[in-house]
$ cat protein-v7.pdb   # PDB, C-alpha atoms
ATOM      1  CA  MET A   1     -10.117  -9.012 -18.478  1.00  0.00           C
ATOM      2  CA  GLY A   2     -13.002  -6.562 -18.564  1.00  0.00           C
ATOM      3  CA  PHE A   3     -12.005  -5.578 -22.116  1.00  0.00           C
ATOM      4  CA  ALA A   4     -11.905  -9.255 -23.140  1.00  0.00           C
ATOM      5  CA  LEU A   5     -15.400  -9.697 -21.718  1.00  0.00           C
ATOM      6  CA  GLU A   6     -16.610  -6.735 -23.800  1.00  0.00           C
ATOM      7  CA  GLU A   7     -15.138  -8.421 -26.876  1.00  0.00           C
ATOM      8  CA  ALA A   8     -16.944 -11.654 -25.963  1.00  0.00           C
ATOM      9  CA  LYS A   9     -20.259  -9.782 -25.878  1.00  0.00           C
ATOM     10  CA  LYS A  10     -19.603  -8.565 -29.444  1.00  0.00           C
ATOM     11  CA  ALA A  11     -19.229 -12.175 -30.600  1.00  0.00           C
ATOM     12  CA  ALA A  12     -22.581 -13.095 -29.052  1.00  0.00           C
ATOM     13  CA  GLU A  13     -24.264 -10.227 -30.945  1.00  0.00           C
ATOM     14  CA  TYR A  14     -23.227 -11.913 -34.212  1.00  0.00           C
ATOM     15  CA  GLY A  15     -24.235 -15.411 -33.102  1.00  0.00           C
ATOM     16  CA  ASP A  16     -20.701 -16.542 -32.338  1.00  0.00           C
ATOM     17  CA  VAL A  17     -19.679 -18.278 -29.130  1.00  0.00           C
ATOM     18  CA  PRO A  18     -18.971 -15.359 -26.768  1.00  0.00           C
ATOM     19  CA  ILE A  19     -15.228 -15.522 -26.349  1.00  0.00           C
ATOM     20  CA  GLY A  20     -13.086 -12.418 -26.223  1.00  0.00           C
ATOM     21  CA  CYS A  21      -9.349 -11.898 -26.148  1.00  0.00           C
ATOM     22  CA  VAL A  22      -7.030  -8.998 -25.359  1.00  0.00           C
ATOM     23  CA  ILE A  23      -3.232  -8.889 -25.648  1.00  0.00           C
ATOM     24  CA  VAL A  24      -1.242  -6.439 -23.544  1.00  0.00           C
ATOM     25  CA  TYR A  25       2.332  -5.269 -24.182  1.00  0.00           C
ATOM     26  CA  LYS A  26       4.094  -3.096 -21.604  1.00  0.00           C
ATOM     27  CA  GLY A  27       0.783  -2.105 -20.045  1.00  0.00           C
ATOM     28  CA  ASP A  28      -0.950  -1.188 -23.317  1.00  0.00           C
ATOM     29  CA  ILE A  29      -3.600  -3.144 -25.196  1.00  0.00           C
ATOM     30  CA  ILE A  30      -2.092  -3.886 -28.602  1.00  0.00           C
ATOM     31  CA  ALA A  31      -4.707  -6.353 -29.837  1.00  0.00           C
ATOM     32  CA  LYS A  32      -8.256  -7.354 -29.095  1.00  0.00           C
ATOM     33  CA  SER A  33     -10.652  -9.661 -30.814  1.00  0.00           C
ATOM     34  CA  HIS A  34     -13.633 -11.924 -30.415  1.00  0.00           C
ATOM     35  CA  ASN A  35     -14.726 -15.150 -32.040  1.00  0.00           C
ATOM     36  CA  ARG A  36     -15.684 -14.667 -35.691  1.00  0.00           C
ATOM     37  CA  VAL A  37     -16.210 -18.312 -36.666  1.00  0.00           C
ATOM     38  CA  GLU A  38     -19.849 -17.922 -37.708  1.00  0.00           C
ATOM     39  CA  ILE A  39     -19.717 -14.436 -39.212  1.00  0.00           C
ATOM     40  CA  ASP A  40     -16.585 -15.259 -41.269  1.00  0.00           C
ATOM     41  CA  SER A  41     -17.591 -18.883 -41.915  1.00  0.00           C
ATOM     42  CA  ASP A  42     -14.066 -19.829 -40.817  1.00  0.00           C
ATOM     43  CA  SER A  43     -13.477 -22.538 -38.231  1.00  0.00           C
ATOM     44  CA  THR A  44     -10.084 -21.015 -37.398  1.00  0.00           C
ATOM     45  CA  ALA A  45     -11.408 -17.499 -36.649  1.00  0.00           C
ATOM     46  CA  HIS A  46     -11.037 -17.920 -32.892  1.00  0.00           C
ATOM     47  CA  ALA A  47     -10.517 -14.821 -30.761  1.00  0.00           C
ATOM     48  CA  GLU A  48      -7.019 -15.923 -29.736  1.00  0.00           C
ATOM     49  CA  LEU A  49      -5.726 -16.457 -33.270  1.00  0.00           C
ATOM     50  CA  LEU A  50      -7.150 -13.160 -34.497  1.00  0.00           C
ATOM     51  CA  ALA A  51      -5.645 -11.285 -31.553  1.00  0.00           C
ATOM     52  CA  ILE A  52      -2.254 -12.984 -31.978  1.00  0.00           C
ATOM     53  CA  ARG A  53      -2.119 -11.896 -35.628  1.00  0.00           C
ATOM     54  CA  GLU A  54      -3.048  -8.335 -34.696  1.00  0.00           C
ATOM     55  CA  ALA A  55      -0.466  -8.219 -31.874  1.00  0.00           C
ATOM     56  CA  GLN A  56       2.303  -9.524 -34.111  1.00  0.00           C
ATOM     57  CA  LYS A  57       1.530  -6.796 -36.645  1.00  0.00           C
ATOM     58  CA  SER A  58       1.464  -4.211 -33.865  1.00  0.00           C
ATOM     59  CA  ILE A  59       4.964  -5.030 -32.604  1.00  0.00           C
ATOM     60  CA  SER A  60       6.293  -6.148 -36.013  1.00  0.00           C
ATOM     61  CA  TYR A  61       7.592  -9.429 -34.631  1.00  0.00           C
ATOM     62  CA  LYS A  62       6.395 -13.044 -34.629  1.00  0.00           C
ATOM     63  CA  HIS A  63       7.096 -13.657 -30.936  1.00  0.00           C
ATOM     64  CA  LEU A  64       5.033 -12.095 -28.171  1.00  0.00           C
ATOM     65  CA  LEU A  65       7.606 -12.688 -25.427  1.00  0.00           C
ATOM     66  CA  ASP A  66       6.701  -9.629 -23.365  1.00  0.00           C
ATOM     67  CA  CYS A  67       2.968  -9.924 -23.950  1.00  0.00           C
ATOM     68  CA  ASP A  68       0.143 -11.111 -21.734  1.00  0.00           C
ATOM     69  CA  MET A  69      -3.085 -12.559 -23.104  1.00  0.00           C
ATOM     70  CA  TYR A  70      -6.475 -12.262 -21.405  1.00  0.00           C
ATOM     71  CA  ILE A  71      -9.110 -14.704 -22.635  1.00  0.00           C
ATOM     72  CA  THR A  72     -12.629 -15.351 -21.396  1.00  0.00           C
ATOM     73  CA  LEU A  73     -12.591 -19.130 -21.986  1.00  0.00           C
ATOM     74  CA  GLU A  74      -9.739 -21.602 -21.786  1.00  0.00           C
ATOM     75  CA  PRO A  75      -8.215 -22.001 -25.252  1.00  0.00           C
ATOM     76  CA  CYS A  76      -8.680 -25.118 -27.384  1.00  0.00           C
ATOM     77  CA  ALA A  77      -5.748 -27.198 -28.660  1.00  0.00           C
ATOM     78  CA  MET A  78      -5.404 -25.115 -31.841  1.00  0.00           C
ATOM     79  CA  CYS A  79      -5.247 -21.846 -29.929  1.00  0.00           C
ATOM     80  CA  ALA A  80      -3.045 -23.220 -27.146  1.00  0.00           C
ATOM     81  CA  GLY A  81      -0.599 -24.335 -29.836  1.00  0.00           C
ATOM     82  CA  ALA A  82      -0.626 -20.849 -31.350  1.00  0.00           C
ATOM     83  CA  ILE A  83      -0.047 -19.325 -27.902  1.00  0.00           C
ATOM     84  CA  VAL A  84       3.029 -21.526 -27.443  1.00  0.00           C
ATOM     85  CA  LEU A  85       4.328 -20.901 -30.973  1.00  0.00           C
ATOM     86  CA  SER A  86       3.911 -17.140 -30.635  1.00  0.00           C
ATOM     87  CA  ARG A  87       5.557 -17.334 -27.196  1.00  0.00           C
ATOM     88  CA  VAL A  88       3.015 -15.422 -25.160  1.00  0.00           C
ATOM     89  CA  ASN A  89       4.496 -14.726 -21.730  1.00  0.00           C
ATOM     90  CA  ARG A  90       1.452 -15.034 -19.454  1.00  0.00           C
ATOM     91  CA  LEU A  91      -2.071 -16.252 -20.086  1.00  0.00           C
ATOM     92  CA  PHE A  92      -4.996 -15.104 -17.934  1.00  0.00           C
ATOM     93  CA  ILE A  93      -8.118 -17.257 -18.369  1.00  0.00           C
ATOM     94  CA  ALA A  94     -11.509 -16.304 -16.969  1.00  0.00           C
ATOM     95  CA  THR A  95     -13.070 -19.776 -16.942  1.00  0.00           C
ATOM     96  CA  THR A  96     -12.025 -23.341 -17.741  1.00  0.00           C
ATOM     97  CA  ASP A  97     -13.381 -25.438 -20.580  1.00  0.00           C
ATOM     98  CA  PRO A  98     -13.909 -29.027 -19.364  1.00  0.00           C
ATOM     99  CA  LYS A  99     -14.852 -30.206 -22.882  1.00  0.00           C
ATOM    100  CA  SER A 100     -11.988 -28.867 -24.999  1.00  0.00           C
ATOM    101  CA  GLY A 101      -9.663 -26.817 -22.800  1.00  0.00           C
ATOM    102  CA  ALA A 102      -6.008 -27.308 -23.658  1.00  0.00           C
ATOM    103  CA  CYS A 103      -4.352 -25.162 -20.975  1.00  0.00           C
ATOM    104  CA  GLY A 104      -4.812 -27.561 -18.091  1.00  0.00           C
ATOM    105  CA  SER A 105      -8.348 -28.964 -18.266  1.00  0.00           C
ATOM    106  CA  ILE A 106      -8.169 -31.920 -20.662  1.00  0.00           C
ATOM    107  CA  LEU A 107      -4.768 -31.147 -22.180  1.00  0.00           C
ATOM    108  CA  ASP A 108      -1.946 -28.887 -21.087  1.00  0.00           C
ATOM    109  CA  ILE A 109      -0.271 -27.709 -24.246  1.00  0.00           C
ATOM    110  CA  THR A 110       0.832 -24.404 -22.730  1.00  0.00           C
ATOM    111  CA  ASN A 111       3.018 -26.184 -20.180  1.00  0.00           C
ATOM    112  CA  ASN A 112       4.017 -29.336 -22.017  1.00  0.00           C
ATOM    113  CA  GLU A 113       7.556 -30.348 -21.023  1.00  0.00           C
ATOM    114  CA  LYS A 114       8.381 -31.444 -24.578  1.00  0.00           C
ATOM    115  CA  LEU A 115       7.616 -28.088 -26.207  1.00  0.00           C
ATOM    116  CA  ASN A 116      10.133 -25.263 -26.586  1.00  0.00           C
ATOM    117  CA  HIS A 117       8.073 -22.640 -24.741  1.00  0.00           C
ATOM    118  CA  LYS A 118       5.909 -22.666 -21.659  1.00  0.00           C
ATOM    119  CA  CYS A 119       3.326 -20.068 -20.808  1.00  0.00           C
ATOM    120  CA  LYS A 120       2.444 -19.040 -17.261  1.00  0.00           C
ATOM    121  CA  VAL A 121      -1.289 -19.663 -16.869  1.00  0.00           C
ATOM    122  CA  HIS A 122      -3.608 -17.986 -14.346  1.00  0.00           C
ATOM    123  CA  TYR A 123      -7.325 -18.749 -13.904  1.00  0.00           C
ATOM    124  CA  GLY A 124     -10.342 -17.081 -12.376  1.00  0.00           C
ATOM    125  CA  ILE A 125     -10.370 -13.370 -13.245  1.00  0.00           C
ATOM    126  CA  TYR A 126     -14.003 -12.516 -14.152  1.00  0.00           C
ATOM    127  CA  GLU A 127     -14.820 -16.225 -13.946  1.00  0.00           C
ATOM    128  CA  THR A 128     -18.463 -15.753 -12.928  1.00  0.00           C
ATOM    129  CA  GLU A 129     -19.196 -13.125 -15.574  1.00  0.00           C
ATOM    130  CA  SER A 130     -17.610 -15.151 -18.352  1.00  0.00           C
ATOM    131  CA  SER A 131     -19.299 -18.375 -17.284  1.00  0.00           C
ATOM    132  CA  GLU A 132     -22.717 -16.712 -17.089  1.00  0.00           C
ATOM    133  CA  LEU A 133     -22.275 -15.143 -20.535  1.00  0.00           C
ATOM    134  CA  LEU A 134     -21.408 -18.536 -22.049  1.00  0.00           C
ATOM    135  CA  LYS A 135     -24.220 -20.383 -20.252  1.00  0.00           C
ATOM    136  CA  GLY A 136     -26.759 -17.753 -21.321  1.00  0.00           C
ATOM    137  CA  PHE A 137     -25.590 -17.931 -24.931  1.00  0.00           C
ATOM    138  CA  PHE A 138     -25.913 -21.721 -25.117  1.00  0.00           C
ATOM    139  CA  LYS A 139     -29.281 -21.674 -23.320  1.00  0.00           C
ATOM    140  CA  LYS A 140     -30.664 -19.253 -25.940  1.00  0.00           C
ATOM    141  CA  LEU A 141     -29.161 -21.360 -28.722  1.00  0.00           C
ATOM    142  CA  ARG A 142     -30.834 -24.522 -27.399  1.00  0.00           C
ATOM    143  CA  GLU A 143     -34.164 -22.693 -27.075  1.00  0.00           C
ATOM    144  CA  ARG A 144     -33.918 -21.426 -30.662  1.00  0.00           C
ATOM    145  CA  ASN A 145     -33.216 -24.975 -31.834  1.00  0.00           C
ATOM    146  CA  GLY A 146     -36.244 -26.292 -29.959  1.00  0.00           C
ATOM    147  CA  ARG A 147     -34.369 -27.992 -27.147  1.00  0.00           C
ATOM    148  CA  ARG A 148     -34.843 -27.147 -23.501  1.00  0.00           C
ATOM    149  CA  SER A 149     -32.363 -27.302 -20.583  1.00  0.00           C
TER     150      SER A 149
END

$ encode --input "protein-v7.pdb" --output "structure tokens"
Amino acid sequence: MGFALEEAKKAAEYGDVPIGCVIVYKGDIIAKSHNRVEIDSDSTAHAELLAIREAQKSISYKHLLDCDMYITLEPCAMCAGAIVLSRVNRLFIATTDPKSGACGSILDITNNEKLNHKCKVHYGIYETESSELLKGFFKKLRERNGRRS
């Protein structure tokens, strides 16, 4: 998760929401990414989707059955859907997202009984560090936009 947190810090440097993702296969990092929504002007350039694409290229297969994903913020519905479709084995999430989290907070796409794949989800690794990074980012953003709090 430490590597995912480093990726999240890169996103913040470019003005993107600081979310980082790492995918591990047989103990080796095969993909890592961070949000690139702002820098790429692409609403789908989430860390998870970018890392999934990189991992699939790395193992030359569309399914990530033996892969674990480490992400600093609970994935949204789009990313949770991609996690299920790519068949990630385990998902480690630093902190929950009570506004748009789709891995147990407001939706639970990763463990939906009606879908063909379920992903084991674990929370809390580097939770404080990830939460503080996100809170600091949004505080600075509000200050730049002339809003306090």

$ residues_around --input "protein-v7.pdb" --residues "Ser41 in chain A" --least-positions-apart "4" --cutoff "12 Å" --atoms "only C-alpha atoms" --output "list in words"
Tyr14, Gly15, Asp16, Asn35, Arg36, Val37, Ala45 and His46 of chain A

$ resolve_selection --input "protein-v7.pdb" --expression "the PyMOL selection byres ((chain A and resi 29) around 10)" --output "CSV table (one decimal) with C-alpha atoms, keeping the file's coordinate frame"
chain,number,residue,atom,x,y,z
A,3,PHE,CA,-12.0,-5.6,-22.1
A,22,VAL,CA,-7.0,-9.0,-25.4
A,23,ILE,CA,-3.2,-8.9,-25.6
A,24,VAL,CA,-1.2,-6.4,-23.5
A,25,TYR,CA,2.3,-5.3,-24.2
A,26,LYS,CA,4.1,-3.1,-21.6
A,27,GLY,CA,0.8,-2.1,-20.0
A,28,ASP,CA,-1.0,-1.2,-23.3
A,30,ILE,CA,-2.1,-3.9,-28.6
A,31,ALA,CA,-4.7,-6.4,-29.8
A,32,LYS,CA,-8.3,-7.4,-29.1
A,55,ALA,CA,-0.5,-8.2,-31.9
A,67,CYS,CA,3.0,-9.9,-24.0
A,68,ASP,CA,0.1,-11.1,-21.7
A,69,MET,CA,-3.1,-12.6,-23.1

$ residues_around --input "protein-v7.pdb" --residues "range 78-90 of chain A" --least-positions-apart "6" --cutoff "8 Å" --atoms "all atoms listed in the file" --output "PyMOL selection string"
chain A and resi 46+48-49+52+62-69+102-103+109-110+117-122

$ closest_residue --input "protein-v7.pdb" --among "A:Ala94, A:Leu73, A:Leu50, A:Ile19" --to "Ile125 in chain A" --atoms "all atoms listed in the file"
A:Ala94

$ resolve_selection --input "protein-v7.pdb" --expression "the PyMOL selection byres ((chain A and resi 95-99) around 10)" --output "count of residues only"
28

$ atom_distance --input "protein-v7.pdb" --atom1 "CA of Ser33 in chain A" --atom2 "CA of Glu6 in chain A"
9.7 Å

$ atom_distance --input "protein-v7.pdb" --atom1 "CA of Ala11 in chain A" --atom2 "CA of Glu132 in chain A"
14.7 Å

$ atom_distance --input "protein-v7.pdb" --atom1 "CA of Gln56 in chain A" --atom2 "CA of Met1 in chain A"
20.0 Å

$ resolve_selection --input "protein-v7.pdb" --expression "the PyMOL selection byres ((chain A and resi 138) around 12)" --output "VMD selection string"
chain A and resid 12 15 to 18 131 to 137 139 to 145 147 to 149
